[in-house]
Amino acid sequence: MSNMKLVDLERKLIAVARANPPSDLVPPTFEKRIMALINGGPVHDIWAVWAKALWYAAAPCVAIMLLFSGWAFIESSKTNQTPTIDLAQQLDNTLLAAVDQSNDSNR
Amino acid sequence: MERTEAEIIAAVLKGDAASFEPLIEKYSPRVFATARRYARRESEIEDIVQEVWLKAYQKLKSFRGEAPFEHWLMRLAVRTCYDFLRSHQRNREAVFTDLTEPEDDWLERFVHQPGAAREDSDAARQLVQRVLQQLSPPARLVITLLEIEDRSVKEISKMTGWSVPLVKVRAFRARAEMRRILAKIAKDKYL
């Protein structure tokens with residue numbers, strides 16, 4: 001198809017769109033639905049709010065994980081022993097300190 | 001005696017939410033027609049219009065009454081439709097080899113006898129939709145407002161919040177994008 005034809009086709013399609021405006025039909029009782037939403041205030045779907053919060057929390061969690069991984073990597077390359085294990089162990093100890101303490105006090 | 005729009009809006013702002021209903025009744029046809037230019041499924045169209053009205057109610061305080069309420073509302077509607085297009089960008093991947101038989105026939109007729117390709121046929125309407133769906137959101141918005149609705153650059157600038165030079169740049173790019181899409185149809189079909 002030549003360029004001339006393409007321009008003509010473009011014009012023709014625009015003319016088609018102009019000649020066929022979309023319908024302005026409104027579904028029955030649509031305004032009542034909107035008024036119900038307005039009068040009822042914001043509708044809170046608890047699961048949607050929870051899912052949204054989890055979704056928002058995902059990025060900071062990944063960022064923290066990357067930060068710790070980077071830190072562990074840098075520390076291990078600095079000391080050159082088996083510090084990754086040490087650091088992992090230390091991290092474990094720190095995270096599980098509360099549980100360990102409660103176990104000790106139960107004994 | 002019937003209240004004026006300014007009186008209705010003042011009543012809503014004073015806390016009489018029920019007064020908002022006549023505005024919804026009066027302007028919903030226009031908002032629906034606008035939404036139908038950008039979305040196809042009725043459920044999506046209703047969601048867009050619902051969002052427009054909820055935003056209109058929440059932001060009514062920002063309506064200063066300098067321009068008619070209808071203009072303010074249509075600005076809100078166009079911006080909501082644009083947000084809808086941007087959030088559904090991935091859906092614009094229809095392939096042109098999927099042209100239906102009537103669309104194919106219409107194109108064939110146009111190539112051989114442009115005058116015989118009728119503007120009011122279903123095939124022509126579907127083909128227009130197919131092309132518009134392929135456009136990027138800014139291109140679709142600008143082609144719709146500028147070429148199909150025949151609005152001025154200044155009007156589009158007010159409706160979209162884009163500067164006048166930006167509208168011009170986007171219009172230029174939109175036309176180029178549309179020609180690329182049409183060239184692709186031609187290539188798929190005739191080369």
# chains A, B, ... in the order shown; residues from 1 in each chain; ligands from 1
>>> interface_residues(of="chain A", to="chain B", cutoff="7 Å", atoms="only C-alpha atoms", output="list in words")
Met1, Leu6, Leu13, Ile14, Val16, Ala17, Arg18, Ala19, Asn20, Pro22, Ser23, Asp24, Leu25, Val26, Glu31, Ile34 and Met35 of chain A
>>> residues_around(residues="B:Ala56", least_positions_apart="3", cutoff="8 Å", atoms="only C-alpha atoms", output="ChimeraX atom specification")
/B:52-53,59-60,73,76
>>> select_by_dssp(residues="chain B", states="alpha helix (DSSP H)", output="ChimeraX atom specification")
/B:5-13,21-38,42-58,69-87,101-112,122-134,137-142,153-160,164-190
>>> atom_distance(atom1="atom CA of B:Leu85", atom2="atom CA of B:Ser152")
21.6 Å
>>> closest_residue(among="B:Thr80, B:Thr160, B:Ile45, B:Arg64", to="B:Leu13", atoms="only C-alpha atoms")
B:Arg64
